[in-house]
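S.K.: upload_16.cif is reproduced below (mmCIF, C-alpha atoms and all ligand atoms).
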data_target
#
loop_
_atom_site.label_atom_id
_atom_site.label_comp_id
_atom_site.auth_asym_id
_atom_site.auth_seq_id
_atom_site.Cartn_x
_atom_site.Cartn_y
_atom_site.Cartn_z
CA MET A 16 0.00 0.00 0.00
CA HIS A 17 1.36 3.44 -0.95
CA GLN A 18 2.23 5.82 1.92
CA SER A 19 -0.25 8.46 0.67
CA ASP A 20 -3.13 5.95 0.97
CA LYS A 21 -1.95 5.13 4.47
CA GLU A 22 -2.09 8.86 5.25
CA GLU A 23 -5.87 8.89 4.73
CA MET A 24 -6.40 6.08 7.22
CA ARG A 25 -4.22 7.66 9.90
CA GLU A 26 -7.10 9.63 11.42
CA GLU A 27 -8.95 6.48 12.47
CA THR A 28 -5.98 4.31 13.40
CA PRO A 29 -2.94 6.34 14.29
CA LEU A 30 -0.43 3.48 14.33
CA LYS A 31 2.19 4.60 11.86
CA HIS A 32 5.53 4.01 13.58
CA LEU A 33 6.08 0.66 15.26
CA ALA A 34 9.33 -0.05 17.11
CA ILE A 35 10.49 -3.43 18.34
CA ILE A 36 13.15 -4.48 20.83
CA MET A 37 13.88 -8.06 19.77
CA ASP A 38 15.01 -10.04 22.78
CA GLY A 39 15.33 -13.68 23.75
CA ASN A 40 17.24 -15.26 20.84
CA GLY A 41 19.82 -16.78 23.18
CA ARG A 42 17.25 -18.21 25.60
CA TRP A 43 15.23 -19.65 22.71
CA ALA A 44 18.29 -21.52 21.47
CA GLN A 45 19.42 -22.65 24.92
CA GLU A 46 15.95 -24.04 25.69
CA ARG A 47 16.40 -26.30 22.65
CA GLY A 48 19.99 -27.27 23.40
CA LEU A 49 21.18 -25.24 20.41
CA LYS A 50 23.95 -22.68 20.06
CA ARG A 51 22.88 -19.06 20.69
CA THR A 52 23.66 -18.29 17.05
CA LYS A 53 20.76 -20.54 15.96
CA GLY A 54 18.44 -18.21 17.87
CA HIS A 55 19.83 -15.23 15.98
CA GLU A 56 19.33 -17.03 12.66
CA LYS A 57 15.71 -17.79 13.46
CA GLY A 58 15.38 -14.20 14.71
CA ALA A 59 16.42 -12.85 11.32
CA ASP A 60 13.62 -14.88 9.65
CA VAL A 61 11.12 -13.34 12.06
CA ILE A 62 12.29 -9.83 11.08
CA ARG A 63 11.43 -10.71 7.48
CA ASP A 64 7.92 -11.96 8.36
CA ILE A 65 7.13 -8.95 10.54
CA THR A 66 8.42 -6.51 7.91
CA THR A 67 6.25 -8.09 5.21
CA TYR A 68 3.24 -7.89 7.52
CA CYS A 69 3.95 -4.19 8.18
CA ALA A 70 4.38 -3.45 4.44
CA ASN A 71 0.87 -4.78 3.87
CA HIS A 72 -0.67 -3.13 6.93
CA PRO A 73 -3.01 -0.21 6.14
CA THR A 74 -1.44 2.41 8.45
CA ILE A 75 2.09 1.38 9.43
CA GLU A 76 4.62 3.52 7.57
CA THR A 77 7.77 2.72 9.53
CA VAL A 78 8.96 -0.27 11.54
CA THR A 79 12.16 0.14 13.52
CA PHE A 80 14.02 -2.88 14.89
CA TYR A 81 16.76 -2.78 17.53
CA ALA A 82 19.21 -5.10 15.80
CA PHE A 83 22.51 -4.25 17.50
CA SER A 84 23.02 -1.98 20.50
CA THR A 85 26.21 -0.20 21.53
CA GLU A 86 26.26 -2.65 24.48
CA ASN A 87 26.27 -5.71 22.19
CA TRP A 88 30.04 -5.31 21.54
CA LYS A 89 30.50 -6.74 25.06
CA ARG A 90 29.35 -10.17 23.86
CA PRO A 91 31.90 -12.90 23.06
CA LYS A 92 33.92 -12.03 19.94
CA LEU A 93 32.59 -15.05 18.03
CA GLU A 94 28.98 -14.08 18.68
CA VAL A 95 29.62 -10.48 17.56
CA GLU A 96 31.32 -11.77 14.39
CA PHE A 97 28.39 -14.08 13.76
CA LEU A 98 25.89 -11.21 14.14
CA MET A 99 27.87 -9.09 11.65
CA LYS A 100 27.98 -11.92 9.13
CA LEU A 101 24.29 -12.63 9.65
CA LEU A 102 23.45 -8.98 9.00
CA ASP A 103 25.42 -9.08 5.76
CA THR A 104 23.69 -12.29 4.61
CA TYR A 105 20.31 -10.97 5.69
CA LEU A 106 20.67 -7.77 3.65
CA LYS A 107 21.91 -9.68 0.62
CA LYS A 108 18.99 -12.12 0.75
CA GLU A 109 16.54 -9.39 1.62
CA LEU A 110 16.98 -7.12 -1.40
CA PRO A 111 14.47 -8.99 -3.63
CA VAL A 112 12.03 -9.13 -0.70
CA TYR A 113 12.35 -5.36 -0.16
CA GLN A 114 11.72 -4.80 -3.86
CA LYS A 115 8.76 -7.19 -3.98
CA HIS A 116 6.99 -5.53 -1.06
CA HIS A 117 8.17 -1.96 -1.89
CA VAL A 118 10.10 -1.59 1.34
CA ARG A 119 12.68 1.11 1.78
CA PHE A 120 15.61 0.08 3.98
CA LEU A 121 17.31 2.55 6.29
CA ALA A 122 20.01 2.05 8.94
CA ILE A 123 20.50 4.25 11.99
CA GLY A 124 23.39 4.23 14.46
CA ASP A 125 27.15 4.57 14.27
CA MET A 126 28.29 2.13 11.62
CA THR A 127 31.90 3.36 11.43
CA ARG A 128 33.05 0.40 13.56
CA PHE A 129 31.64 -2.12 11.07
CA SER A 130 33.83 -3.67 8.38
CA LYS A 131 34.10 -1.70 5.13
CA PRO A 132 32.29 -4.40 3.07
CA LEU A 133 29.41 -4.42 5.56
CA GLN A 134 29.20 -0.62 5.50
CA LYS A 135 29.13 -0.83 1.70
CA ARG A 136 26.33 -3.43 1.78
CA ILE A 137 24.27 -1.18 4.09
CA LYS A 138 24.78 1.92 1.90
CA GLU A 139 23.99 -0.01 -1.28
CA THR A 140 20.82 -1.53 0.18
CA GLU A 141 19.68 1.94 1.26
CA ALA A 142 20.41 3.35 -2.19
CA ARG A 143 18.72 0.56 -4.10
CA THR A 144 15.52 0.72 -2.04
CA LYS A 145 15.23 4.48 -1.63
CA GLU A 146 12.33 4.81 -4.10
CA ASN A 147 10.20 2.19 -2.32
CA HIS A 148 7.15 3.67 -0.63
CA SER A 149 5.00 1.08 1.05
CA LEU A 150 7.05 0.92 4.26
CA THR A 151 10.36 2.07 5.68
CA GLN A 152 12.18 -0.64 7.58
CA VAL A 153 14.73 0.89 9.93
CA LEU A 154 17.46 -1.26 11.48
CA ALA A 155 19.13 0.30 14.51
CA LEU A 156 22.75 -0.84 14.26
CA ASN A 157 25.38 -0.02 16.88
CA TYR A 158 22.70 2.34 18.07
CA GLY A 159 22.32 4.17 21.37
CA GLY A 160 19.52 6.67 22.10
CA ARG A 161 21.60 9.06 24.22
CA ALA A 162 24.43 9.11 21.67
CA GLU A 163 21.90 9.89 18.95
CA ILE A 164 20.52 12.90 20.86
CA VAL A 165 24.01 14.23 21.72
CA GLY A 166 24.99 13.82 18.05
CA VAL A 167 22.10 15.87 16.67
CA VAL A 168 22.49 18.57 19.35
CA ASN A 169 26.17 18.94 18.43
CA ASP A 170 25.30 19.13 14.72
CA ILE A 171 22.76 21.89 15.31
CA VAL A 172 25.17 23.82 17.57
CA LYS A 173 27.88 23.55 14.87
CA GLU A 174 25.45 25.20 12.45
CA GLY A 175 25.52 28.21 14.75
CA LYS A 176 22.31 27.81 16.74
CA SER A 177 22.69 28.22 20.49
CA VAL A 178 19.08 27.98 21.70
CA LEU A 179 17.38 24.79 20.51
CA THR A 180 13.72 23.90 20.30
CA GLU A 181 12.13 20.45 20.46
CA LYS A 182 11.33 20.83 16.76
CA ASP A 183 15.02 21.41 15.92
CA ILE A 184 15.93 18.09 17.53
CA SER A 185 12.98 16.13 16.14
CA ARG A 186 13.77 17.39 12.66
CA ALA A 187 17.45 16.49 12.90
CA LEU A 188 16.93 12.91 14.09
CA GLN A 189 17.74 10.23 11.56
CA THR A 190 14.43 8.39 11.74
CA PRO A 191 11.92 9.46 9.10
CA TYR A 192 8.96 9.73 11.48
CA SER A 193 10.49 10.43 14.81
CA ASP A 194 7.49 9.80 17.09
CA ILE A 195 6.82 6.18 17.91
CA ASP A 196 3.25 5.06 18.41
CA LEU A 197 3.81 1.56 19.74
CA LEU A 198 6.92 -0.05 21.20
CA ILE A 199 7.03 -3.81 21.68
CA ARG A 200 9.70 -5.70 23.63
CA THR A 201 9.81 -9.48 23.57
CA SER A 202 11.10 -12.03 26.10
CA GLY A 203 9.49 -10.64 29.25
CA GLU A 204 12.12 -7.96 29.93
CA GLU A 205 10.55 -4.59 30.72
CA ARG A 206 13.34 -2.14 29.91
CA ILE A 207 14.00 0.46 27.19
CA SER A 208 17.77 -0.21 27.01
CA ASN A 209 18.68 3.17 25.50
CA PHE A 210 16.42 2.68 22.45
CA LEU A 211 14.96 5.72 20.66
CA LEU A 212 14.76 7.77 23.87
CA TRP A 213 13.57 10.96 22.20
CA GLN A 214 11.06 9.24 19.94
CA ILE A 215 9.22 7.23 22.65
CA SER A 216 7.85 10.27 24.53
CA TYR A 217 4.21 9.39 23.79
CA ALA A 218 4.58 5.75 22.76
CA GLU A 219 2.38 2.99 24.08
CA PHE A 220 4.45 0.11 25.46
CA TYR A 221 3.70 -3.57 25.10
CA PHE A 222 5.83 -6.23 26.78
CA THR A 223 5.31 -9.83 25.76
CA PRO A 224 6.90 -12.93 27.33
CA THR A 225 7.30 -14.51 23.87
CA LEU A 226 10.96 -15.01 22.89
CA TRP A 227 11.80 -13.18 19.64
CA PRO A 228 12.29 -16.33 17.49
CA ASP A 229 8.76 -17.43 18.49
CA PHE A 230 7.18 -14.04 17.79
CA ASN A 231 4.91 -14.04 14.73
CA THR A 232 2.41 -12.03 12.72
CA GLN A 233 -0.59 -13.47 14.61
CA GLU A 234 0.76 -12.15 17.90
CA LEU A 235 1.61 -8.81 16.31
CA ASP A 236 -1.91 -8.63 14.95
CA SER A 237 -3.45 -9.16 18.38
CA ILE A 238 -1.06 -6.61 19.99
CA ILE A 239 -2.13 -4.06 17.36
CA THR A 240 -5.80 -4.79 18.08
CA HIS A 241 -5.10 -4.22 21.78
CA TYR A 242 -3.24 -0.99 20.94
CA THR A 243 -6.05 0.44 18.84
CA GLN A 244 -8.45 -0.14 21.74
CA ARG A 245 -6.32 1.90 24.13
CA THR A 246 -7.25 5.57 24.43
CA ARG A 247 -4.30 7.76 23.55
CA ARG A 248 -4.79 11.08 25.27
CA PHE A 249 -1.38 12.76 24.76
CA GLY A 250 -1.74 14.30 28.23
CA GLY A 251 -5.23 15.69 27.50
CA LEU A 252 -8.64 14.50 28.64
CA GLN A 253 -10.46 13.43 25.49
C1 LIG A 301 18.64 -10.34 21.61
O1 LIG A 301 18.67 -11.70 21.89
C2 LIG A 301 18.77 -10.03 20.23
C3 LIG A 301 19.75 -9.30 19.65
C4 LIG A 301 21.19 -9.37 19.88
C5 LIG A 301 19.32 -8.33 18.63
C6 LIG A 301 18.49 -8.92 17.53
C7 LIG A 301 19.28 -9.69 16.57
C8 LIG A 301 18.73 -10.55 15.69
C9 LIG A 301 17.26 -10.76 15.55
C10 LIG A 301 19.65 -11.30 14.83
C11 LIG A 301 19.52 -10.99 13.39
C12 LIG A 301 19.54 -9.56 13.06
C13 LIG A 301 19.68 -9.10 11.81
C14 LIG A 301 19.39 -7.70 11.50
C15 LIG A 301 20.08 -9.97 10.71
P1 LIG A 301 19.65 -12.13 23.05
O2 LIG A 301 20.83 -12.79 22.42
O3 LIG A 301 19.96 -10.95 23.91
O4 LIG A 301 18.77 -13.16 23.82
P2 LIG A 301 18.90 -13.55 25.37
O5 LIG A 301 18.51 -12.33 26.15
O6 LIG A 301 17.93 -14.67 25.51
O7 LIG A 301 20.32 -13.96 25.60
#
When written as structure tokens, how does the structure in this file appear?
Ligand code: FPP
M.R.:
Amino acid sequence: MHQSDKEEMREETPLKHLAIIMDGNGRWAQERGLKRTKGHEKGADVIRDITTYCANHPTIETVTFYAFSTENWKRPKLEVEFLMKLLDTYLKKELPVYQKHHVRFLAIGDMTRFSKPLQKRIKETEARTKENHSLTQVLALNYGGRAEIVGVVNDIVKEGKSVLTEKDISRALQTPYSDIDLLIRTSGEERISNFLLWQISYAEFYFTPTLWPDFNTQELDSIITHYTQRTRRFGGLQ
């Protein structure tokens, strides 16, 4: 569905930016006596299913996934290397899927620590999908919410502005639609973990015990139904 058609439906169902903290890959694998990396592999398949669902959803314009946090470097070297390789394979395999479902791919975070070939893959995938308009899939990679805010404030100050407004910061943030409507975290953890701190100001939160590799479109569908039944008052009384 084209983004302009989605615009018309926004009045009734305001869910346009969905954000997901994917958690529980390691536990999913351990429960099955598998290596943690198997959980990540299955997790990547779930990202594909959820993205396709969002591309065909009438109001969702952006889905942002927390794929690698600045804290994830602390994991064993082999696991970090595996995640980097998986990301590369995922993007390579994903290109035809992005094109088929008209999904634009965008990465946020500090990617300078990634290998040059991986950085190239990310840039190329962004470039080749930039005309796609049914959904923007954002992957947060080596991302930290505080670092993102400090980065944009410094950029604006460098431009010569000394007194900033909320609008200045919102406008400068990398995400295309900075306000998040619904944030989901899987695996029973109830933390934000430095994800999109600015953008979650008015978000509804949903925490599910499901481990990320077991998460699916049916569960997402029922979470969205639950979300649309909640009254969003934005601090007012209506
Ligand atoms: C948390 O599970 C998950 C992550 C490290 C981030 C999500 C990563 C993937 C879904 C892998 C594939 C990603 C891409 C973009 C190809 P965990 O390992 O923290 O689980 P645990 O808390 O059970 O140990």
S.K.: Go through chain A residue by residue and, counting all atoms listed in the file, keep those with an atom at most 6 Å from ligand LIG 301 (chain A); for each kept residue give the shortest atom pair and its distance in Å to one decimal, ordered by chain and increasing number, as CSV.
M.R.:
residue,atom,partner,partner_atom,distance
A:Met37,CA,A:LIG301,C6,5.2
A:Asp38,CA,A:LIG301,C1,3.8
A:Gly39,CA,A:LIG301,O6,3.3
A:Asn40,CA,A:LIG301,O4,4.0
A:Gly41,CA,A:LIG301,O6,3.7
A:Arg42,CA,A:LIG301,O6,3.6
A:His55,CA,A:LIG301,C10,4.1
A:Gly58,CA,A:LIG301,C9,4.0
A:Ala59,CA,A:LIG301,C11,4.2
A:Ala82,CA,A:LIG301,C6,4.3
A:Phe83,CA,A:LIG301,C5,5.3
A:Leu101,CA,A:LIG301,C15,5.1
A:Leu102,CA,A:LIG301,C15,3.9
A:Tyr105,CA,A:LIG301,C15,5.1
S.K.: What are the nearest atom pairs, with distances in Å to one decimal, for all residues of segment 91-118 of chain A that come at most 10 Å from segment 151-162 of chain A, using only C-alpha atoms, set out by chain and rising residue number as JSON lines?
M.R.:
{"residue": "A:Leu102", "atom": "CA", "partner": "A:Leu156", "partner_atom": "CA", "distance": 9.7}
{"residue": "A:Tyr113", "atom": "CA", "partner": "A:Gln152", "partner_atom": "CA", "distance": 9.1}
{"residue": "A:His117", "atom": "CA", "partner": "A:Thr151", "partner_atom": "CA", "distance": 8.9}
{"residue": "A:Val118", "atom": "CA", "partner": "A:Thr151", "partner_atom": "CA", "distance": 5.7}
S.K.: Of the residues A:Lys115, A:Arg143, A:Lys89, A:Lys100, which is the one nearest to Asn71 of chain A, using only C-alpha atoms?
M.R.: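 Going through A:Lys115, A:Arg143, A:Lys89, A:Lys100 one by one, the smallest distance to Asn71 of chain A is for A:Lys115.
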S.K.: Residues within 12 Å of (19.8, -12.0, 5.7), file coordinates, counting only C-alpha atoms: what are they? Give the list as a short mmCIF file (atom, residue, chain, number, x, y, z; two decimals) with C-alpha atoms, keeping the file's coordinate frame.
M.R.:
data_model
loop_
_atom_site.label_atom_id
_atom_site.label_comp_id
_atom_site.auth_asym_id
_atom_site.auth_seq_id
_atom_site.Cartn_x
_atom_site.Cartn_y
_atom_site.Cartn_z
CA HIS A 55 19.83 -15.23 15.98
CA GLU A 56 19.33 -17.03 12.66
CA LYS A 57 15.71 -17.79 13.46
CA GLY A 58 15.38 -14.20 14.71
CA ALA A 59 16.42 -12.85 11.32
CA ASP A 60 13.62 -14.88 9.65
CA VAL A 61 11.12 -13.34 12.06
CA ILE A 62 12.29 -9.83 11.08
CA ARG A 63 11.43 -10.71 7.48
CA PHE A 97 28.39 -14.08 13.76
CA LEU A 98 25.89 -11.21 14.14
CA MET A 99 27.87 -9.09 11.65
CA LYS A 100 27.98 -11.92 9.13
CA LEU A 101 24.29 -12.63 9.65
CA LEU A 102 23.45 -8.98 9.00
CA ASP A 103 25.42 -9.08 5.76
CA THR A 104 23.69 -12.29 4.61
CA TYR A 105 20.31 -10.97 5.69
CA LEU A 106 20.67 -7.77 3.65
CA LYS A 107 21.91 -9.68 0.62
CA LYS A 108 18.99 -12.12 0.75
CA GLU A 109 16.54 -9.39 1.62
CA LEU A 110 16.98 -7.12 -1.40
CA PRO A 111 14.47 -8.99 -3.63
CA VAL A 112 12.03 -9.13 -0.70
CA TYR A 113 12.35 -5.36 -0.16
CA ARG A 136 26.33 -3.43 1.78
CA ILE A 137 24.27 -1.18 4.09
CA THR A 140 20.82 -1.53 0.18
#
S.K.: How far is it from atom CA of Lys131 of chain A to atom CA of Ile35 of chain A, in Å with one decimal?
M.R.: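 Distance between the two atoms: 27.1 Å.
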S.K.: Compute the distance from (-0.4, -3.3, 10.1) to each atom, counting all atoms listed in the file, keep the residues with any atom at most 12 Å away, and return them as a PyMOL selection string; use the coordinates of the file.
M.R.: chain A and resi 16+21+24-25+28-33+65-78+149-150+197+232-240+242-243
S.K.: Need the axis-aligned box for segment 159-166 of chain A with 5 Å each side, so what are the centre and edges in Å to one decimal, as lines of an AutoDock Vina configuration file?
M.R.:
center_x = 22.3
center_y = 9.2
center_z = 21.1
size_x = 15.5
size_y = 20.1
size_z = 16.2
